[in-house]
$ cat final_31.tsv   # TSV, C-alpha atoms
chain	number	residue	atom	x	y	z
A	393	MET	CA	0.00	0.00	0.00
A	394	GLU	CA	2.82	2.38	0.85
A	395	ILE	CA	4.44	1.70	-2.53
A	396	LYS	CA	1.21	2.72	-4.26
A	397	LYS	CA	1.13	5.94	-2.29
A	398	MET	CA	4.73	6.66	-3.31
A	399	LEU	CA	4.06	6.08	-7.02
A	400	PRO	CA	2.78	9.64	-7.78
A	401	THR	CA	5.85	11.07	-6.02
A	402	MET	CA	8.11	8.82	-8.09
A	403	VAL	CA	6.45	10.11	-11.28
A	404	THR	CA	7.01	13.69	-10.12
A	405	MET	CA	10.64	12.85	-9.39
A	406	GLY	CA	10.89	11.51	-12.92
A	407	ASN	CA	9.71	14.93	-14.09
A	408	ILE	CA	12.42	16.81	-12.21
A	409	ILE	CA	15.07	14.28	-13.26
A	410	CYS	CA	14.15	14.90	-16.91
A	411	GLY	CA	14.58	18.62	-16.33
A	412	PHE	CA	17.97	18.25	-14.68
A	413	VAL	CA	19.29	15.83	-17.30
A	414	SER	CA	17.94	18.17	-20.01
A	415	VAL	CA	20.13	20.97	-18.65
A	416	LEU	CA	23.12	18.58	-18.63
A	417	CYS	CA	22.40	17.65	-22.26
A	418	VAL	CA	22.31	21.33	-23.23
A	419	SER	CA	25.71	21.86	-21.61
A	420	ASN	CA	27.02	19.01	-23.79
A	421	GLN	CA	25.52	20.46	-27.00
A	422	LYS	CA	22.86	17.73	-27.25
A	423	PHE	CA	19.99	20.13	-27.87
A	424	GLU	CA	17.53	17.74	-29.52
A	425	LEU	CA	17.88	15.17	-26.73
A	426	ALA	CA	17.42	17.93	-24.17
A	427	ALA	CA	14.20	19.00	-25.90
A	428	TRP	CA	12.83	15.45	-26.05
A	429	LEU	CA	13.47	15.04	-22.31
A	430	ILE	CA	11.22	18.05	-21.70
A	431	VAL	CA	8.56	16.42	-23.88
A	432	VAL	CA	8.83	13.21	-21.82
A	433	ALA	CA	8.45	15.32	-18.67
A	434	MET	CA	5.23	16.78	-20.11
A	435	ALA	CA	3.77	13.28	-20.22
A	436	LEU	CA	4.90	12.58	-16.64
A	437	ASP	CA	3.46	15.88	-15.44
A	438	ALA	CA	0.11	15.05	-17.02
A	439	PHE	CA	-0.19	11.84	-14.97
A	440	ASP	CA	1.27	12.50	-11.52
A	441	GLY	CA	-1.67	14.57	-10.25
A	442	ARG	CA	-4.29	12.22	-11.67
A	443	LEU	CA	-2.40	9.25	-10.28
A	444	ALA	CA	-2.36	10.82	-6.82
A	445	ARG	CA	-6.11	11.44	-6.94
A	446	MET	CA	-6.82	7.90	-8.18
A	447	MET	CA	-4.79	6.43	-5.33
A	448	LYS	CA	-6.13	8.96	-2.83
A	449	SER	CA	-2.59	9.99	-1.89
A	450	THR	CA	-2.73	13.73	-2.56
A	451	SER	CA	-0.76	15.87	-0.10
A	452	LYS	CA	0.59	19.39	0.35
A	453	THR	CA	4.12	18.02	0.07
A	454	GLY	CA	3.28	16.41	-3.27
A	455	ALA	CA	1.75	19.64	-4.56
A	456	GLN	CA	4.82	21.68	-3.58
A	457	LEU	CA	7.17	19.06	-5.06
A	458	ASP	CA	5.20	19.18	-8.31
A	459	SER	CA	5.61	22.97	-8.50
A	460	MET	CA	9.36	22.71	-7.87
A	461	ALA	CA	9.68	20.04	-10.56
A	462	ASP	CA	7.73	22.20	-13.01
A	463	LEU	CA	9.99	25.19	-12.33
A	464	VAL	CA	13.10	23.15	-13.10
A	465	THR	CA	11.73	21.27	-16.11
A	466	PHE	CA	9.45	23.85	-17.72
A	467	GLY	CA	11.02	27.07	-16.47
A	468	ILE	CA	14.79	26.72	-16.13
A	469	ALA	CA	15.55	23.91	-18.64
A	470	PRO	CA	13.66	25.52	-21.58
A	471	ALA	CA	15.26	28.90	-20.86
A	472	VAL	CA	18.76	27.38	-20.90
A	473	LEU	CA	17.88	25.40	-24.03
A	474	MET	CA	16.72	28.55	-25.82
A	475	ILE	CA	19.87	30.47	-24.85
A	476	LYS	CA	22.23	27.78	-26.13
A	477	THR	CA	20.23	27.06	-29.30
A	478	CYS	CA	20.03	30.66	-30.51
A	479	ASP	CA	23.67	31.58	-31.14
A	480	ASN	CA	22.83	34.29	-33.69
A	481	PHE	CA	21.92	36.84	-30.99
A	482	PRO	CA	23.99	38.73	-28.40
A	483	VAL	CA	24.45	36.66	-25.27
A	484	ILE	CA	23.19	39.41	-22.94
A	485	PHE	CA	19.95	39.62	-24.97
A	486	LEU	CA	19.40	35.86	-24.72
A	487	TRP	CA	20.18	35.87	-21.00
A	488	GLY	CA	17.57	38.57	-20.51
A	489	ILE	CA	14.90	36.66	-22.41
A	490	GLY	CA	15.75	33.42	-20.60
A	491	LEU	CA	15.66	35.12	-17.20
A	492	PHE	CA	12.32	36.74	-18.02
A	493	PHE	CA	10.82	33.40	-19.05
A	494	MET	CA	12.07	31.65	-15.91
A	495	MET	CA	10.71	34.42	-13.66
A	496	CYS	CA	7.31	34.26	-15.37
A	497	ALA	CA	7.19	30.50	-14.83
A	498	ALA	CA	8.08	30.91	-11.14
A	499	PHE	CA	5.44	33.63	-10.67
A	500	ARG	CA	2.75	31.55	-12.33
A	501	LEU	CA	3.45	28.48	-10.22
A	502	ALA	CA	3.47	30.61	-7.06
A	503	ARG	CA	0.14	32.17	-8.08
A	504	PHE	CA	-1.38	28.73	-8.47
A	505	ASN	CA	-0.20	27.61	-5.02
A	506	VAL	CA	-1.66	30.73	-3.42
A	507	GLN	CA	-4.99	30.22	-5.19
A	508	LYS	CA	-5.19	26.65	-3.90
A	509	GLU	CA	-4.34	27.67	-0.35
A	510	ASP	CA	-6.87	30.50	-0.41
A	511	GLY	CA	-9.60	28.19	-1.69
A	512	VAL	CA	-10.24	30.16	-4.89
A	513	ASN	CA	-13.07	28.72	-6.99
A	514	ILE	CA	-11.34	27.12	-9.99
A	515	PRO	CA	-13.36	26.19	-13.09
A	516	LYS	CA	-12.24	22.91	-14.67
A	517	HIS	CA	-12.32	23.94	-18.31
A	518	PHE	CA	-9.97	26.95	-18.32
A	519	PHE	CA	-6.46	27.93	-17.26
A	520	THR	CA	-5.57	31.46	-16.22
A	521	GLY	CA	-2.76	32.26	-18.60
A	522	LEU	CA	-0.69	29.67	-20.43
A	523	PRO	CA	0.32	26.68	-18.25
A	524	THR	CA	4.03	26.39	-17.52
A	525	THR	CA	4.04	22.85	-18.89
A	526	LEU	CA	2.83	24.01	-22.29
A	527	SER	CA	5.16	27.02	-22.27
A	528	GLY	CA	8.26	24.91	-21.69
A	529	GLY	CA	6.98	22.25	-24.05
A	530	THR	CA	6.49	24.81	-26.81
A	531	ILE	CA	10.13	25.89	-26.60
A	532	ALA	CA	11.21	22.23	-26.63
A	533	GLN	CA	9.11	21.39	-29.68
A	534	LEU	CA	10.44	24.43	-31.53
A	535	VAL	CA	14.00	23.24	-30.89
A	536	ILE	CA	13.03	19.80	-32.20
A	537	LEU	CA	11.40	21.40	-35.24
A	538	ASN	CA	14.48	23.56	-35.80
A	539	HIS	CA	16.69	20.46	-35.88
A	540	PHE	CA	14.27	18.81	-38.32
A	541	VAL	CA	14.22	21.85	-40.65
A	542	GLN	CA	18.01	22.23	-40.53
A	543	THR	CA	18.56	18.56	-41.29
A	544	ARG	CA	16.11	18.46	-44.20
A	545	PHE	CA	16.35	21.96	-45.69
A	546	GLY	CA	19.33	23.79	-44.18
A	547	PRO	CA	18.10	27.21	-42.94
A	548	ASN	CA	18.02	28.10	-39.26
A	549	VAL	CA	14.68	29.92	-39.44
A	550	VAL	CA	13.04	28.55	-36.29
A	551	ALA	CA	15.98	29.46	-34.04
A	552	ILE	CA	15.78	33.07	-35.27
A	553	LEU	CA	12.18	33.34	-34.07
A	554	LEU	CA	12.69	31.40	-30.82
A	555	PRO	CA	13.71	34.32	-28.53
A	556	ILE	CA	10.64	36.32	-29.60
A	557	VAL	CA	8.38	33.31	-29.06
A	558	THR	CA	9.95	32.71	-25.64
A	559	PHE	CA	9.23	36.30	-24.58
A	560	VAL	CA	5.60	36.05	-25.74
A	561	LEU	CA	5.17	32.75	-23.90
A	562	GLY	CA	6.39	34.43	-20.71
A	563	LEU	CA	3.79	37.18	-21.13
A	564	PHE	CA	1.04	34.62	-21.67
A	565	MET	CA	2.05	32.75	-18.52
A	566	VAL	CA	1.64	35.73	-16.21
A	567	SER	CA	-1.42	37.07	-18.02
A	568	LYS	CA	-5.02	36.36	-17.03
A	569	VAL	CA	-6.00	35.34	-20.54
A	570	PRO	CA	-8.15	32.17	-20.22
A	571	PHE	CA	-6.78	29.16	-22.07
A	572	PHE	CA	-9.22	26.36	-22.78
A	573	ASN	CA	-8.31	23.12	-20.98
A	574	ILE	CA	-8.79	20.67	-23.83
A	575	THR	CA	-7.77	17.70	-21.67
A	576	SER	CA	-10.95	18.15	-19.62
A	577	LYS	CA	-12.95	17.28	-22.75
A	578	ILE	CA	-10.92	14.21	-23.68
A	579	GLY	CA	-12.17	11.03	-22.09
A	580	PHE	CA	-14.94	8.47	-21.99
A	581	ARG	CA	-17.63	11.17	-21.89
A	582	GLN	CA	-17.16	11.91	-25.56
A	583	GLY	CA	-17.72	8.26	-26.46
A	584	ILE	CA	-15.34	5.34	-26.68
A	585	TRP	CA	-15.19	5.32	-30.49
A	586	ALA	CA	-14.44	9.04	-30.75
A	587	MET	CA	-11.68	8.68	-28.17
A	588	VAL	CA	-10.18	5.63	-29.91
A	589	LEU	CA	-10.25	7.46	-33.26
A	590	GLU	CA	-8.55	10.55	-31.79
A	591	PHE	CA	-5.78	8.58	-30.11
A	592	SER	CA	-5.23	6.34	-33.13
A	593	ALA	CA	-4.87	9.34	-35.44
A	594	ALA	CA	-2.52	11.05	-32.97
A	595	ILE	CA	-0.32	7.95	-32.61
A	596	LEU	CA	-0.19	7.43	-36.38
A	597	PHE	CA	0.73	11.08	-36.97
A	598	PHE	CA	3.39	10.93	-34.27
A	599	VAL	CA	4.92	7.70	-35.60
A	600	ILE	CA	5.15	9.07	-39.16
A	601	THR	CA	6.63	12.48	-38.33
A	602	PRO	CA	7.10	13.02	-34.57
A	603	GLU	CA	8.73	16.44	-35.05
A	604	LEU	CA	5.89	17.84	-37.14
A	605	ALA	CA	3.19	16.12	-35.07
A	606	LEU	CA	4.36	17.73	-31.86
A	607	SER	CA	4.79	21.15	-33.45
A	608	THR	CA	1.42	21.02	-35.19
A	609	VAL	CA	-0.56	19.99	-32.12
A	610	LEU	CA	1.01	22.51	-29.74
A	611	SER	CA	0.97	25.37	-32.25
A	612	CYS	CA	-2.69	24.82	-33.13
A	613	TYR	CA	-3.60	24.62	-29.45
A	614	LEU	CA	-1.79	27.85	-28.59
A	615	ILE	CA	-3.22	29.82	-31.51
A	616	ILE	CA	-6.81	28.63	-31.05
A	617	CYS	CA	-6.80	29.02	-27.26
A	618	ALA	CA	-5.17	32.46	-27.38
A	619	MET	CA	-7.78	33.71	-29.86
A	620	TYR	CA	-10.60	32.15	-27.85
A	621	GLY	CA	-9.28	33.63	-24.60
A	622	VAL	CA	-9.05	37.15	-26.01
A	623	VAL	CA	-12.60	36.96	-27.38
A	624	LYS	CA	-14.23	35.26	-24.38
A	625	GLY	CA	-12.07	36.66	-21.59
A	626	LYS	CA	-14.45	39.47	-20.68
A	627	HIS	CA	-17.31	37.04	-20.13
A	628	LEU	CA	-15.52	34.72	-17.73
A	629	ASN	CA	-15.04	34.99	-13.99
A	630	LYS	CA	-11.69	35.42	-12.33
A	631	GLY	CA	-9.77	32.60	-10.67
A	632	TYR	CA	-9.14	29.93	-13.25
A	633	SER	CA	-6.99	26.88	-12.88
A	634	THR	CA	-3.30	27.69	-13.12
A	635	THR	CA	-1.75	24.27	-13.08
$ encode --input "final_31.tsv" --output "structure tokens"
Amino acid sequence: MEIKKMLPTMVTMGNIICGFVSVLCVSNQKFELAAWLIVVAMALDAFDGRLARMMKSTSKTGAQLDSMADLVTFGIAPAVLMIKTCDNFPVIFLWGIGLFFMMCAAFRLARFNVQKEDGVNIPKHFFTGLPTTLSGGTIAQLVILNHFVQTRFGPNVVAILLPIVTFVLGLFMVSKVPFFNITSKIGFRQGIWAMVLEFSAAILFFVITPELALSTVLSCYLIICAMYGVVKGKHLNKGYSTT
């Protein structure tokens, strides 16, 4: 029984290990591997909270550990990855962008912890601002896409845009723009056949071109949710989920 209770914590530890090893990979010029480790951490982060609730082993310690892991993996590691990937810009400029992104991630995670402690009413279907997991994952998938484009076509176009995208992601994290929580709509409620079809198509797309699949899914999500949040933001109440 105790092992079952420790399982969510072990998954969270896997998250923070991915973040730490990602930073080590960046320091050894293994940028693509570093980015994929952040993607793996996204999957781990998606399951640790649900696993804790399923096993009825949620705790304040687990929640704080999850926030610390997210700061390392989706705040610090992506910032370092961006700085080392974009060598066409002045170092001081990249340091500034990376520091800004990391601070925004830290602020957002702290805001979430305060909301939980204060008992703020949190709707299930929206996030306040862009989640740190998706912010760090977006930088990682852009680095993966950049490697794919360079290998196939040659130009370093994605890396040129990466610092600007990183800055915008930081702004979205600390904003109160509502982002639709699409994961709340994915499950058995929509019907078993619809869910099987969605997952089958996603797996097939990922197997064929994992770089493009990841970039397409995250980019579409960010664009659609940002537009929806700007349009609908005035009609929603304050205090959304900030996980």
$ closest_atom_pairs --input "final_31.tsv" --of "range 403-425 of chain A" --to "range 533-546 of chain A" --cutoff "10 Å" --atoms "only C-alpha atoms" --output "Markdown table"
| residue | atom | partner | partner_atom | distance |
| --- | --- | --- | --- | --- |
| A:Phe423 | CA | A:Val535 | CA | 7.4 |
| A:Glu424 | CA | A:Ile536 | CA | 5.6 |
| A:Leu425 | CA | A:Ile536 | CA | 8.7 |
$ atom_distance --input "final_31.tsv" --atom1 "CA of Pro523 in chain A" --atom2 "CA of Met398 in chain A"
25.4 Å
$ closest_atom_pairs --input "final_31.tsv" --of "range 398-424 of chain A" --to "range 434-443 of chain A" --cutoff "7 Å" --atoms "only C-alpha atoms" --output "CSV"
residue,atom,partner,partner_atom,distance
A:Pro400,CA,A:Asp440,CA,4.9
A:Val403,CA,A:Asp440,CA,5.7
A:Thr404,CA,A:Asp440,CA,6.0
A:Asn407,CA,A:Leu436,CA,5.9
$ closest_residue --input "final_31.tsv" --among "A:Leu526, A:Cys478, A:Met460, A:Leu561" --to "Val549 in chain A" --atoms "all atoms listed in the file"
A:Cys478
$ atom_distance --input "final_31.tsv" --atom1 "CA of Thr525 in chain A" --atom2 "CA of Leu554 in chain A"
17.0 Å
$ atom_distance --input "final_31.tsv" --atom1 "CA of Ser567 in chain A" --atom2 "CA of Lys452 in chain A"
25.6 Å
$ closest_residue --input "final_31.tsv" --among "A:Gln421, A:Cys496, A:Asp479, A:Leu486" --to "Leu563 in chain A" --atoms "all atoms listed in the file"
A:Cys496
$ residues_around --input "final_31.tsv" --residues "Met565 in chain A" --least-positions-apart "2" --cutoff "9 Å" --atoms "all atoms listed in the file" --output "PyMOL selection string"
chain A and resi 493+496-497+499-500+520-524+527+560-563+567-569
$ residues_near_point --input "final_31.tsv" --point "(19.2, 35.5, -17.8)" --cutoff "12 Å" --atoms "only C-alpha atoms" --output "VMD selection string"
chain A and resid 467 to 468 471 to 476 483 to 495
$ closest_residue --input "final_31.tsv" --among "A:Thr530, A:Ser459, A:Gln507, A:Thr558" --to "Val609 in chain A" --atoms "only C-alpha atoms"
A:Thr530
$ closest_residue --input "final_31.tsv" --among "A:Met402, A:Leu553, A:Ala455, A:Ile531" --to "Glu509 in chain A" --atoms "only C-alpha atoms"
A:Ala455
